[in-house]
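Text of protein_37.cif (mmCIF, C-alpha atoms) as supplied:
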data_entry
loop_
_atom_site.label_atom_id
_atom_site.label_comp_id
_atom_site.auth_asym_id
_atom_site.auth_seq_id
_atom_site.Cartn_x
_atom_site.Cartn_y
_atom_site.Cartn_z
CA MET A 14 87.62 78.92 26.80
CA ASN A 15 86.27 81.63 24.55
CA ARG A 16 88.39 84.29 22.89
CA LEU A 17 87.54 86.90 25.51
CA THR A 18 88.62 84.66 28.36
CA LYS A 19 91.83 83.76 26.52
CA ALA A 20 92.59 87.44 26.07
CA GLY A 21 91.93 88.05 29.75
CA VAL A 22 94.29 85.28 30.81
CA PHE A 23 96.96 86.57 28.43
CA LEU A 24 96.59 90.10 29.74
CA ALA A 25 96.79 88.94 33.37
CA ALA A 26 99.93 86.93 32.61
CA LEU A 27 101.44 89.95 30.89
CA LEU A 28 100.71 92.19 33.86
CA LEU A 29 102.15 89.65 36.29
CA THR A 30 105.33 89.38 34.27
CA ALA A 31 105.60 93.15 34.09
CA GLY A 32 104.99 93.37 37.86
CA ALA A 33 107.73 90.86 38.62
CA ALA A 34 110.09 92.77 36.37
CA LEU A 35 109.25 96.01 38.14
CA ALA A 36 109.81 94.37 41.51
CA SER A 37 113.34 93.51 40.49
CA GLN A 38 114.34 96.94 39.18
CA CYS A 39 116.50 97.67 42.23
CA VAL A 40 118.00 94.22 42.08
CA THR A 41 119.01 94.60 38.44
CA CYS A 42 121.74 97.01 39.46
CA HIS A 43 122.43 95.85 42.99
CA VAL A 44 123.46 92.29 42.10
CA ASP A 45 125.74 93.38 39.28
CA ALA A 46 129.17 94.12 40.72
CA GLU A 47 130.62 95.50 37.49
CA LYS A 48 127.71 97.80 36.90
CA LEU A 49 127.79 99.04 40.47
CA GLU A 50 131.52 99.63 40.32
CA ALA A 51 131.12 101.67 37.17
CA ILE A 52 128.36 103.72 38.76
CA THR A 53 130.17 104.33 42.05
CA LYS A 54 133.21 105.60 40.16
CA THR A 55 131.08 108.48 38.93
CA LEU A 56 129.86 109.41 42.40
CA PRO A 57 131.67 111.91 44.63
CA ALA A 58 133.54 110.37 47.55
CA LYS A 59 132.09 111.11 50.97
CA ALA A 60 134.28 113.77 52.52
CA THR A 61 135.74 113.31 55.99
CA SER A 62 137.95 115.67 57.89
CA SER A 63 141.67 115.14 57.52
CA GLU A 64 142.16 116.79 60.91
CA THR A 65 140.90 113.75 62.82
CA ALA A 66 143.77 112.28 64.77
CA GLY A 67 144.13 109.52 67.32
CA LYS A 68 141.79 106.79 68.39
CA GLY A 69 138.05 107.27 68.63
CA MET B 9 139.71 98.36 59.53
CA ALA B 10 139.92 99.43 55.89
CA PRO B 11 136.54 100.51 54.53
CA LEU B 12 134.83 98.40 51.85
CA ALA B 13 134.99 99.59 48.24
CA PRO B 14 131.95 101.78 47.47
CA HIS B 15 130.34 99.23 45.14
CA GLU B 16 130.90 96.36 47.60
CA LYS B 17 128.96 98.27 50.22
CA VAL B 18 125.70 97.98 48.27
CA LEU B 19 126.24 94.74 46.36
CA VAL B 20 123.37 92.35 47.03
CA SER B 21 124.09 88.64 46.81
CA ASN B 22 121.85 86.23 44.96
CA ASP B 23 121.43 84.03 48.01
CA PHE B 24 119.95 86.98 49.88
CA LEU B 25 117.23 87.18 47.27
CA GLU B 26 116.26 83.62 48.10
CA SER B 27 116.13 84.28 51.85
CA THR B 28 113.10 85.24 53.90
CA HIS B 29 114.12 88.89 54.10
CA GLY B 30 115.03 88.83 50.42
CA SER B 31 111.47 87.96 49.48
CA ILE B 32 110.29 91.34 50.76
CA ALA B 33 110.23 94.05 48.08
CA CYS B 34 113.14 96.50 48.45
CA VAL B 35 110.82 99.51 48.58
CA ASP B 36 108.78 98.01 51.42
CA CYS B 37 111.66 98.67 53.78
CA HIS B 38 113.77 101.26 52.00
CA GLY B 39 111.20 103.38 50.20
CA GLY B 40 112.38 105.08 47.03
CA ASP B 41 110.69 104.76 43.67
CA ASN B 42 110.84 101.36 42.04
CA ASP B 43 109.25 102.67 38.84
CA ALA B 44 111.70 105.49 38.21
CA PRO B 45 113.85 104.90 35.14
CA GLU B 46 116.91 106.75 36.50
CA MET B 47 119.08 106.20 39.51
CA ALA B 48 118.62 109.62 41.14
CA ALA B 49 114.84 109.43 40.90
CA ALA B 50 114.77 105.81 42.04
CA HIS B 51 116.71 106.68 45.19
CA ARG B 52 114.77 109.82 46.03
CA GLY B 53 113.25 109.55 49.50
CA MET B 54 115.00 106.26 50.08
CA LYS B 55 116.29 105.26 53.51
CA ALA B 56 119.62 103.50 53.35
CA ASP B 57 119.07 102.24 56.91
CA PRO B 58 115.34 101.83 57.47
CA THR B 59 115.98 100.59 61.01
CA PHE B 60 117.18 103.92 62.39
CA PRO B 61 116.01 105.92 64.26
CA ASP B 62 112.82 103.86 64.43
CA ALA B 63 112.97 100.14 63.81
CA THR B 64 109.30 99.43 64.33
CA GLY B 65 108.38 100.03 60.67
CA ALA B 66 111.00 97.86 59.06
CA CYS B 67 111.51 95.21 61.74
CA GLY B 68 108.52 95.48 64.05
CA GLU B 69 106.01 93.52 62.03
CA CYS B 70 107.90 90.29 62.66
CA HIS B 71 110.30 91.26 65.47
CA ALA B 72 107.98 93.32 67.63
CA GLU B 73 109.76 92.84 70.95
CA GLN B 74 113.22 93.60 69.59
CA ALA B 75 111.96 96.67 67.74
CA ARG B 76 110.27 97.90 70.89
CA LEU B 77 113.39 97.41 73.00
CA ALA B 78 115.51 99.18 70.40
CA GLN B 79 113.75 102.43 71.35
CA SER B 80 115.51 102.33 74.71
CA SER B 81 118.69 100.47 73.81
CA LEU B 82 121.82 102.47 74.58
CA HIS B 83 123.14 101.36 71.20
CA TYR B 84 120.30 103.40 69.71
CA THR B 85 119.86 106.23 72.14
CA LEU B 86 123.27 106.81 73.73
CA ALA B 87 120.98 108.07 76.45
CA THR B 88 123.61 108.36 79.15
CA PHE B 89 125.85 110.73 77.14
CA LYS B 90 123.88 113.93 77.43
CA PRO B 91 123.05 113.76 81.16
CA MET B 92 126.70 112.95 81.88
CA VAL B 93 128.00 115.88 79.84
CA HIS B 94 125.30 118.21 81.13
CA GLN B 95 126.29 117.46 84.71
CA ARG B 96 129.61 119.03 83.86
CA ALA B 97 128.04 122.06 82.18
CA GLY B 98 126.45 125.20 83.61
CA GLN B 99 122.82 126.31 83.48
CA ASP B 100 123.03 129.01 80.81
CA LYS B 101 120.70 128.00 77.97
CA ALA B 102 122.73 129.48 75.12
CA ARG B 103 125.86 127.72 76.35
CA LEU B 104 123.97 124.45 76.76
CA GLN B 105 122.74 124.80 73.19
CA ALA B 106 126.30 125.29 71.98
CA LEU B 107 127.35 122.20 73.90
CA ASP B 108 124.44 120.18 72.47
CA GLN B 109 125.51 121.23 68.98
CA GLY B 110 128.90 119.72 69.73
CA LEU B 111 127.28 116.54 71.02
CA ASP B 112 125.10 116.29 67.91
CA ASN B 113 128.00 116.90 65.53
CA HIS B 114 130.30 114.39 67.15
CA CYS B 115 129.08 112.08 69.89
CA TYR B 116 125.58 111.36 68.57
CA SER B 117 126.76 110.39 65.11
CA CYS B 118 128.02 107.22 66.76
CA HIS B 119 125.24 104.72 67.35
CA ALA B 120 124.20 101.27 66.24
CA SER B 121 120.89 100.30 64.69
CA CYS B 122 119.39 96.86 64.03
CA GLY B 123 120.84 97.06 60.51
CA GLU B 124 124.29 98.06 61.71
CA CYS B 125 124.51 94.94 63.88
CA HIS B 126 122.73 92.41 61.68
CA VAL B 127 123.25 93.51 58.06
CA SER B 128 125.95 96.12 57.54
CA ARG B 129 129.07 97.47 59.05
CA PRO B 130 128.19 100.39 61.30
CA ASN B 131 128.35 103.91 59.87
CA PHE B 132 131.29 104.60 62.16
CA ALA B 133 133.22 102.03 60.08
CA LYS B 134 131.92 103.58 56.82
CA GLY B 135 129.09 101.06 56.41
CA GLY B 136 128.50 98.45 53.72
CA PHE B 137 126.90 95.00 53.62
CA ILE B 138 128.99 92.37 55.34
CA SER B 139 127.33 89.49 53.56
CA GLY B 140 125.48 90.74 50.48
CA HIS B 141 122.56 92.10 52.54
CA ASN B 142 122.00 88.76 54.25
CA PHE B 143 120.74 89.15 57.80
CA ASN B 144 122.99 87.57 60.41
CA ARG B 145 121.19 86.54 63.55
CA VAL B 146 124.40 86.97 65.53
CA PRO B 147 126.54 90.06 64.88
CA ASP B 148 129.95 89.56 63.37
CA GLN B 149 132.66 90.41 65.90
CA THR B 150 135.14 91.97 63.49
CA ASN B 151 132.83 93.68 61.02
CA GLN B 152 130.32 94.87 63.56
CA CYS B 153 131.19 94.75 67.29
CA THR B 154 134.82 95.78 67.19
CA ALA B 155 134.31 98.00 64.14
CA CYS B 156 133.10 100.46 66.80
CA HIS B 157 134.49 99.00 70.00
CA GLY B 158 137.91 98.49 68.49
CA SER B 159 140.52 100.82 69.79
CA ARG B 160 140.08 99.69 73.36
CA VAL B 161 137.91 96.57 73.66
CA GLY B 162 138.78 95.02 70.28
CA ASN B 163 142.51 95.48 70.56
CA GLU B 164 142.58 94.25 74.13
CA PHE B 165 140.32 91.27 73.47
CA THR B 166 142.11 89.97 70.40
CA GLY B 167 145.63 90.63 71.65
CA MET B 168 146.54 93.50 69.35
CA THR B 169 147.66 94.99 72.64
CA GLY B 170 148.81 92.82 75.55
CA SER B 171 148.28 89.06 75.52
CA GLY B 172 144.63 89.19 74.56
CA ASP B 173 141.70 87.80 76.48
CA VAL B 174 141.83 84.15 77.41
CA HIS B 175 138.17 83.75 76.47
CA TYR B 176 139.07 84.63 72.89
CA THR B 177 142.66 83.50 72.48
CA ARG B 178 142.29 80.16 74.21
CA HIS B 179 138.61 79.32 74.21
CA ASP B 180 137.59 80.90 70.91
CA MET B 181 134.70 82.78 72.49
CA ASP B 182 133.48 85.87 70.65
CA CYS B 183 131.65 88.92 72.00
CA MET B 184 128.29 87.20 71.82
CA ALA B 185 129.41 84.35 74.04
CA CYS B 186 129.11 86.73 77.00
CA HIS B 187 126.96 89.58 75.69
CA SER B 188 123.50 88.18 75.17
CA ASP B 189 120.73 89.80 73.18
CA LYS B 190 119.23 90.99 76.48
CA ASP B 191 122.43 92.82 77.17
CA LEU B 192 122.64 94.38 73.70
CA HIS B 193 119.00 95.01 72.77
CA GLY B 194 118.36 96.92 75.97
CA ASP B 195 116.15 96.30 78.96
CA GLY B 196 113.28 98.66 78.10
CA ARG B 197 114.27 101.19 80.76
CA THR B 198 115.01 104.79 79.89
CA ASP B 199 116.42 105.98 83.21
CA HIS B 200 119.94 104.65 83.02
CA LYS B 201 122.45 106.93 84.67
CA ASP B 202 125.40 104.86 83.54
CA ARG B 203 125.99 102.25 80.87
CA TYR B 204 126.66 99.68 83.58
CA ASP B 205 123.08 100.13 84.84
CA VAL B 206 121.60 98.07 81.98
CA GLU B 207 119.82 94.98 83.28
CA GLY B 208 121.25 91.71 82.08
CA LEU B 209 124.72 93.06 81.43
CA ALA B 210 127.38 90.39 81.10
CA ASN B 211 128.99 89.49 84.39
CA CYS B 212 131.91 87.17 85.20
CA LYS B 213 129.67 85.41 87.70
CA ASP B 214 127.26 84.41 84.95
CA CYS B 215 129.71 81.59 84.29
CA HIS B 216 132.23 81.70 87.13
CA GLU B 217 130.58 81.20 90.48
CA GLN B 218 132.79 82.44 93.26
CA ASP B 219 134.87 79.49 94.34
CA ASP B 220 136.12 80.05 97.86
CA SER B 221 138.26 76.97 97.66
CA VAL B 222 140.56 79.27 95.70
CA GLU B 223 142.37 80.91 98.60
CA GLN B 224 142.66 84.36 97.04
CA HIS B 225 138.98 84.41 96.10
CA ALA B 226 138.04 83.61 99.69
CA ILE B 227 140.37 86.31 101.03
CA HIS B 228 139.41 89.11 98.66
CA GLY B 229 135.73 88.18 98.33
CA ASP B 230 133.64 90.96 96.88
CA GLN B 231 136.02 93.67 98.06
CA VAL B 232 138.16 93.41 94.96
CA SER B 233 136.75 93.32 91.44
CA CYS B 234 137.71 90.38 89.23
CA TYR B 235 139.52 92.80 86.89
CA VAL B 236 141.94 93.94 89.59
CA CYS B 237 143.52 90.49 89.66
CA HIS B 238 142.78 89.19 86.17
CA ALA B 239 143.09 92.13 83.73
CA GLN B 240 146.21 93.36 81.98
CA PRO B 241 147.24 96.95 81.26
CA TYR B 242 144.75 98.72 78.99
CA ALA B 243 144.44 101.88 76.91
CA ASN B 244 143.91 105.23 78.61
CA CYS B 245 143.26 108.41 76.62
CA TYR B 246 144.09 111.86 77.83
CA GLY B 247 142.73 114.71 75.79
CA CYS B 248 139.89 114.45 73.30
CA HIS B 249 138.97 117.66 71.49
CA VAL B 250 136.29 118.02 68.87
CA GLY B 251 135.54 120.67 66.26
CA LEU B 252 134.75 121.44 62.64
CA ASP B 253 137.49 121.96 60.08
CA GLY B 254 137.67 124.66 57.39
CA ASN B 255 135.20 122.70 55.26
CA GLY B 256 132.71 122.30 58.07
CA LEU B 257 133.57 118.61 58.56
CA ALA B 258 133.57 117.19 62.05
CA TYR B 259 136.87 116.02 63.49
CA TYR B 260 138.20 114.76 66.79
CA LYS B 261 141.73 114.85 68.09
CA ASN B 262 142.66 112.35 70.70
CA PRO B 263 146.42 112.52 70.55
CA VAL B 264 147.65 111.00 73.80
CA GLU B 265 147.13 107.37 74.69
CA GLU B 266 148.91 105.24 77.23
CA GLU B 267 148.74 101.59 78.20
CA LEU B 268 148.69 101.18 81.93
CA PHE B 269 146.88 99.59 84.82
CA ARG B 270 145.36 101.53 87.72
CA ILE B 271 143.48 100.34 90.76
CA GLY B 272 141.10 102.93 92.16
CA LEU B 273 138.23 103.14 94.62
CA ASN B 274 134.79 102.22 93.33
CA PRO B 275 133.09 105.61 92.87
CA ASN B 276 129.55 104.18 92.95
CA PRO B 277 129.32 100.91 94.86
CA SER B 278 126.04 99.17 94.15
CA GLU B 279 124.39 95.82 94.67
CA LYS B 280 125.69 94.65 91.33
CA ARG B 281 129.12 96.22 91.74
CA PRO B 282 129.84 96.29 95.45
CA GLU B 283 133.62 96.03 95.27
CA LYS B 284 135.74 98.59 97.07
CA TRP B 285 138.72 98.16 94.79
CA VAL B 286 138.17 98.36 91.04
CA VAL B 287 140.11 99.00 87.87
CA VAL B 288 139.77 102.56 86.56
CA ARG B 289 140.39 103.76 83.03
CA ARG B 290 141.12 107.33 82.04
CA VAL B 291 138.47 108.39 79.50
CA PRO B 292 139.26 111.10 76.94
CA ALA B 293 136.90 113.79 78.34
CA MET B 294 138.68 116.98 79.36
CA PRO B 295 137.46 120.34 80.69
CA THR B 296 138.42 121.81 77.30
CA SER B 297 137.01 119.02 75.06
CA PHE B 298 134.25 121.24 73.62
CA ASP B 299 136.14 124.54 73.55
CA TYR B 300 135.56 124.81 69.80
CA TYR B 301 131.87 125.37 70.59
CA GLY B 302 132.48 127.82 73.41
CA LYS B 303 135.01 128.55 76.09
CA ASP B 304 134.56 126.70 79.38
CA LEU B 305 131.35 124.96 78.37
CA LEU B 306 132.22 122.25 80.87
CA GLU B 307 132.57 124.73 83.70
CA ASN B 308 131.54 122.13 86.28
CA PHE B 309 133.83 119.42 85.02
CA ASP B 310 134.76 118.55 88.60
CA ARG B 311 131.31 117.09 89.27
CA LEU B 312 132.25 113.80 87.64
CA ASN B 313 135.36 111.68 87.56
CA ASN B 314 137.15 111.07 84.27
CA TRP B 315 138.95 108.03 85.65
CA LYS B 316 136.04 105.66 85.22
CA TYR B 317 135.06 102.23 86.49
CA ALA B 318 136.40 99.91 83.80
CA SER B 319 136.03 96.36 82.59
CA PRO B 320 139.08 95.71 80.38
CA HIS B 321 138.48 92.87 77.95
CA ASN B 322 141.90 91.31 78.38
CA ILE B 323 141.35 88.73 81.09
CA GLN B 324 144.00 86.15 81.90
CA ARG B 325 144.04 83.61 84.68
CA ARG B 326 147.59 84.52 85.63
CA THR B 327 148.58 88.18 85.56
CA ARG B 328 151.33 90.32 86.94
CA GLN B 329 149.07 91.30 89.85
CA ASN B 330 148.12 87.83 91.01
CA ARG B 331 151.51 86.17 90.79
CA ALA B 332 152.49 87.40 94.24
CA CYS B 333 150.75 89.26 97.07
CA ASN B 334 153.24 92.09 97.09
CA ASN B 335 152.76 92.79 93.42
CA CYS B 336 149.72 94.74 94.66
CA HIS B 337 150.22 95.02 98.42
CA GLY B 338 152.57 97.92 99.02
CA ASN B 339 152.98 98.55 95.30
CA GLU B 340 151.96 102.18 94.98
CA GLU B 341 152.70 102.12 91.25
CA LEU B 342 149.48 100.21 90.51
CA PHE B 343 147.15 102.49 92.47
CA LEU B 344 145.57 105.71 91.25
CA THR B 345 147.18 108.11 93.68
CA GLU B 346 146.95 111.92 93.66
CA GLU B 347 150.23 112.46 91.84
CA LYS B 348 149.06 110.27 88.93
CA VAL B 349 145.88 112.27 88.41
CA GLY B 350 147.42 115.73 88.25
CA GLU B 351 146.36 118.79 90.16
CA THR B 352 143.71 120.14 87.79
CA LEU B 353 141.69 116.90 87.78
CA ARG B 354 142.05 115.92 91.43
CA LYS B 355 138.73 117.32 92.60
CA ALA B 356 136.88 115.57 89.73
CA ASN B 357 138.45 112.28 90.68
CA GLU B 358 138.49 112.50 94.44
CA GLY B 359 136.01 109.61 94.66
CA VAL B 360 138.34 107.22 92.87
CA ILE B 361 141.77 108.42 93.97
CA VAL B 362 143.41 106.10 96.48
CA PRO B 363 144.96 107.98 99.40
CA ALA B 364 148.49 106.72 100.01
CA ALA B 365 147.49 105.64 103.52
CA MET B 366 144.83 103.29 102.11
CA ILE B 367 147.17 101.29 99.92
CA PRO B 368 147.39 97.85 101.49
CA ALA B 369 150.76 97.46 103.18
CA ALA B 370 153.29 95.06 101.80
CA ARG B 371 153.04 91.72 103.50
CA ALA B 372 156.14 90.77 105.39
CA ASP B 373 155.07 87.16 105.72
CA VAL B 374 155.12 86.38 102.04
CA GLY B 375 157.78 86.26 99.43
CA LYS B 376 160.08 84.20 101.60
CA LYS B 377 160.36 80.69 100.36
CA LYS B 378 159.58 78.06 102.90
CA ALA B 379 162.43 75.69 103.53
CA LYS B 380 161.84 72.71 101.33
CA LYS B 381 161.44 69.41 103.01
CA LYS B 382 164.11 67.06 102.02
CA LYS B 383 162.69 64.29 99.94
CA GLY B 384 163.31 60.90 101.31
CA GLY B 385 165.44 58.74 99.08
CA TYR B 386 164.90 55.15 98.29
CA PHE B 387 168.16 54.25 99.92
#

Write-out of the structure in structure tokens:
Amino acid sequence: MNRLTKAGVFLAALLLTAGAALASQCVTCHVDAEKLEAITKTLPAKATSSETAGKG
Amino acid sequence: MAPLAPHEKVLVSNDFLESTHGSIACVDCHGGDNDAPEMAAAHRGMKADPTFPDATGACGECHAEQARLAQSSLHYTLATFKPMVHQRAGQDKARLQALDQGLDNHCYSCHASCGECHVSRPNFAKGGFISGHNFNRVPDQTNQCTACHGSRVGNEFTGMTGSGDVHYTRHDMDCMACHSDKDLHGDGRTDHKDRYDVEGLANCKDCHEQDDSVEQHAIHGDQVSCYVCHAQPYANCYGCHVGLDGNGLAYYKNPVEEELFRIGLNPNPSEKRPEKWVVVRRVPAMPTSFDYYGKDLLENFDRLNNWKYASPHNIQRRTRQNRACNNCHGNEELFLTEEKVGETLRKANEGVIVPAAMIPAARADVGKKKAKKKKGGYF
């Protein structure tokens, strides 16, 4: 394997690793209960009417 | 049911990531921007529920038939609501528009998508994953079915009111034991006039063939619905009103509820439901239900009954009705007579009201104990 091929393989591996990391961006937060809890505490609660009464 | 904590609603479990659905990239179903470095940008354009209103994109590639049927499933479309309500309305376009606004703000916010039955709690129950985003082939009775169908069906079925349903309390059967996917996914038709028109709907006879060796079954045949003899009292609601509060948030008020049992006449006998005598439940619709959106929008309320054919989910083998003939025969209390409906709703319900003269007379030949034969002794 010459130096150029080695560099190509290295670059491909690097891109694959970066791709896998990108694919898990959403997951990074969404599997972390503590992180999510901290985030959701900063979000406004969804408002519902207090006038609703009785069974739906 | 108490809503899940906000962070629990979107917490993905690690075992989901190892599942078949978990191997699909998040953005393939939900959209959004996976490359964005900040939360707001990452969620821009994202669909929390990619299965509603159209499931073909997210589910159809693998579940083509189910995604196709979803387009016509009443869980998705609530297709019978509008024609029903419009029958009670007038023809004026502006007034119909006002009424439709009310339907959109209130009634049509209540639906169920693929995701709301197989992944999350329904929006009506404030949503949230029930199992870390895992897909459950069979819906979860508590978190999904009765999260919507709770105040009547759920309470009656599980015994929160009455003695519960024998299928659940004694035989540990859940909703899905009777309601098959055919029943719930829809039948592909779009012309249903009534929710009972869906093909493949659960029916007692799916499991219980009529056994005429049971004397009362042979006598009553298909004149009396199973529920008349085997259901217990159930919830009836008397006055739903909807509107928007000072902050523009939708509300409903359904203040009066009563547990009772009423036998009425079948308003629409059909091949599938030929019985003359059925159980009827008072539904919350009132002539004034949409008054917030305009006075007298339901000006033709009398065109439809608001005591409706019912199928209470609280079946027991032995009930108050079937313990003795005269618990029904001659017992006016159980029948939906004029006085019980009230003057203003009599015309609407004339097809289900039982005229006093039609109530089966008390039987004189029953209720008297036959003289017991004296047992012969040994000596």

task: Compile the residues of chain B that lie within 10 Å of chain A, evaluated using only C-alpha atoms, and express the compilation as a ChimeraX atom specification.
output: /B:13-22,25,32-35,40-45,47,50-51,132,134,140,156-160,245,248-265,292

- prompt: What is the atom CA of Leu306 of chain B-atom CA of Arg96 of chain B distance in Å, reported with one decimal?
  reply: 5.1 Å

field: Test item: residues at most 12 Å from Arg203 of chain B, only C-alpha atoms, excluding those fewer than 4 positions along its chain, as a list in words
entry: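 The neighbour list is Ser81, Leu82, His83, Thr85, Leu86, Ala87, Thr88, Phe89, Pro91, Met92, Asp191, Leu192, Gly194, Asp195, Arg197, Thr198, Asp199, Glu207, Gly208, Leu209, Ala210, Lys316, Tyr317, Ala318 and Ser319 of chain B.
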
For the residues in that selection, give me C-alpha atoms as a PDB file, keeping the file's coordinate frame.
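Wrote it out as out18.pdb, contents follow:
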ATOM      1  CA  SER B  81     118.690 100.470  73.810  1.00  0.00           C
ATOM      2  CA  LEU B  82     121.820 102.470  74.580  1.00  0.00           C
ATOM      3  CA  HIS B  83     123.140 101.360  71.200  1.00  0.00           C
ATOM      4  CA  THR B  85     119.860 106.230  72.140  1.00  0.00           C
ATOM      5  CA  LEU B  86     123.270 106.810  73.730  1.00  0.00           C
ATOM      6  CA  ALA B  87     120.980 108.070  76.450  1.00  0.00           C
ATOM      7  CA  THR B  88     123.610 108.360  79.150  1.00  0.00           C
ATOM      8  CA  PHE B  89     125.850 110.730  77.140  1.00  0.00           C
ATOM      9  CA  PRO B  91     123.050 113.760  81.160  1.00  0.00           C
ATOM     10  CA  MET B  92     126.700 112.950  81.880  1.00  0.00           C
ATOM     11  CA  ASP B 191     122.430  92.820  77.170  1.00  0.00           C
ATOM     12  CA  LEU B 192     122.640  94.380  73.700  1.00  0.00           C
ATOM     13  CA  GLY B 194     118.360  96.920  75.970  1.00  0.00           C
ATOM     14  CA  ASP B 195     116.150  96.300  78.960  1.00  0.00           C
ATOM     15  CA  ARG B 197     114.270 101.190  80.760  1.00  0.00           C
ATOM     16  CA  THR B 198     115.010 104.790  79.890  1.00  0.00           C
ATOM     17  CA  ASP B 199     116.420 105.980  83.210  1.00  0.00           C
ATOM     18  CA  GLU B 207     119.820  94.980  83.280  1.00  0.00           C
ATOM     19  CA  GLY B 208     121.250  91.710  82.080  1.00  0.00           C
ATOM     20  CA  LEU B 209     124.720  93.060  81.430  1.00  0.00           C
ATOM     21  CA  ALA B 210     127.380  90.390  81.100  1.00  0.00           C
ATOM     22  CA  LYS B 316     136.040 105.660  85.220  1.00  0.00           C
ATOM     23  CA  TYR B 317     135.060 102.230  86.490  1.00  0.00           C
ATOM     24  CA  ALA B 318     136.400  99.910  83.800  1.00  0.00           C
ATOM     25  CA  SER B 319     136.030  96.360  82.590  1.00  0.00           C
TER      26      SER B 319
END

Written as a PDB file with C-alpha atoms, in the frame of the given file, what is the full residue list that the PyMOL selection byres ((chain B and resi 364) around 9) yields on the file shown?
ATOM      1  CA  GLU B 340     151.960 102.180  94.980  1.00  0.00           C
ATOM      2  CA  PHE B 343     147.150 102.490  92.470  1.00  0.00           C
ATOM      3  CA  THR B 345     147.180 108.110  93.680  1.00  0.00           C
ATOM      4  CA  GLU B 346     146.950 111.920  93.660  1.00  0.00           C
ATOM      5  CA  VAL B 362     143.410 106.100  96.480  1.00  0.00           C
ATOM      6  CA  PRO B 363     144.960 107.980  99.400  1.00  0.00           C
ATOM      7  CA  ALA B 365     147.490 105.640 103.520  1.00  0.00           C
ATOM      8  CA  MET B 366     144.830 103.290 102.110  1.00  0.00           C
ATOM      9  CA  ILE B 367     147.170 101.290  99.920  1.00  0.00           C
TER      10      ILE B 367
END

Check which residues satisfy the PyMOL selection byres ((chain B and resi 268) around 12) in the file shown, then give them as a PDB file with C-alpha atoms, in the frame of the given file.
ATOM      1  CA  THR B 169     147.660  94.990  72.640  1.00  0.00           C
ATOM      2  CA  GLY B 170     148.810  92.820  75.550  1.00  0.00           C
ATOM      3  CA  ALA B 239     143.090  92.130  83.730  1.00  0.00           C
ATOM      4  CA  GLN B 240     146.210  93.360  81.980  1.00  0.00           C
ATOM      5  CA  PRO B 241     147.240  96.950  81.260  1.00  0.00           C
ATOM      6  CA  TYR B 242     144.750  98.720  78.990  1.00  0.00           C
ATOM      7  CA  ALA B 243     144.440 101.880  76.910  1.00  0.00           C
ATOM      8  CA  ASN B 244     143.910 105.230  78.610  1.00  0.00           C
ATOM      9  CA  CYS B 245     143.260 108.410  76.620  1.00  0.00           C
ATOM     10  CA  GLU B 265     147.130 107.370  74.690  1.00  0.00           C
ATOM     11  CA  GLU B 266     148.910 105.240  77.230  1.00  0.00           C
ATOM     12  CA  GLU B 267     148.740 101.590  78.200  1.00  0.00           C
ATOM     13  CA  PHE B 269     146.880  99.590  84.820  1.00  0.00           C
ATOM     14  CA  ARG B 270     145.360 101.530  87.720  1.00  0.00           C
ATOM     15  CA  ILE B 271     143.480 100.340  90.760  1.00  0.00           C
ATOM     16  CA  VAL B 287     140.110  99.000  87.870  1.00  0.00           C
ATOM     17  CA  VAL B 288     139.770 102.560  86.560  1.00  0.00           C
ATOM     18  CA  ARG B 289     140.390 103.760  83.030  1.00  0.00           C
ATOM     19  CA  ARG B 290     141.120 107.330  82.040  1.00  0.00           C
ATOM     20  CA  PRO B 320     139.080  95.710  80.380  1.00  0.00           C
ATOM     21  CA  GLU B 341     152.700 102.120  91.250  1.00  0.00           C
ATOM     22  CA  LEU B 342     149.480 100.210  90.510  1.00  0.00           C
ATOM     23  CA  PHE B 343     147.150 102.490  92.470  1.00  0.00           C
ATOM     24  CA  LEU B 344     145.570 105.710  91.250  1.00  0.00           C
ATOM     25  CA  LYS B 348     149.060 110.270  88.930  1.00  0.00           C
TER      26      LYS B 348
END

query: Which residues match the PyMOL selection byres ((chain B and resi 120) around 6) in the file above, as a PyMOL selection string?
result: chain B and resi 83-84+119+121+124

task: Tell me, in Å to one decimal, how far atom CA of Arg326 of chain B is from atom CA of Trp285 of chain B.
output: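 These atoms are spaced 18.7 Å apart.
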
- request: Could you tell me which of B:Thr352, B:Thr28, B:Gln329, B:Ser278 comes closest to Thr296 of chain B if we count only C-alpha atoms?
  value: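 Ranked by minimum distance to Thr296 of chain B, first place goes to B:Thr352.
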
Neighbour list for Ala56 of chain B as a list in words, cut-off 10 Å, all atoms listed in the file, skip fewer than 2 positions in-chain: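 Those residues are Val18, Cys37, His38, Gly39, Gly40, His51, Gly53, Met54, Pro58, Thr59, Phe60 and Gly123 of chain B.
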
Coordinates-based distance that separates atom CA of Ser233 of chain B from atom CA of Asp214 of chain B (Å, one decimal): 14.5 Å
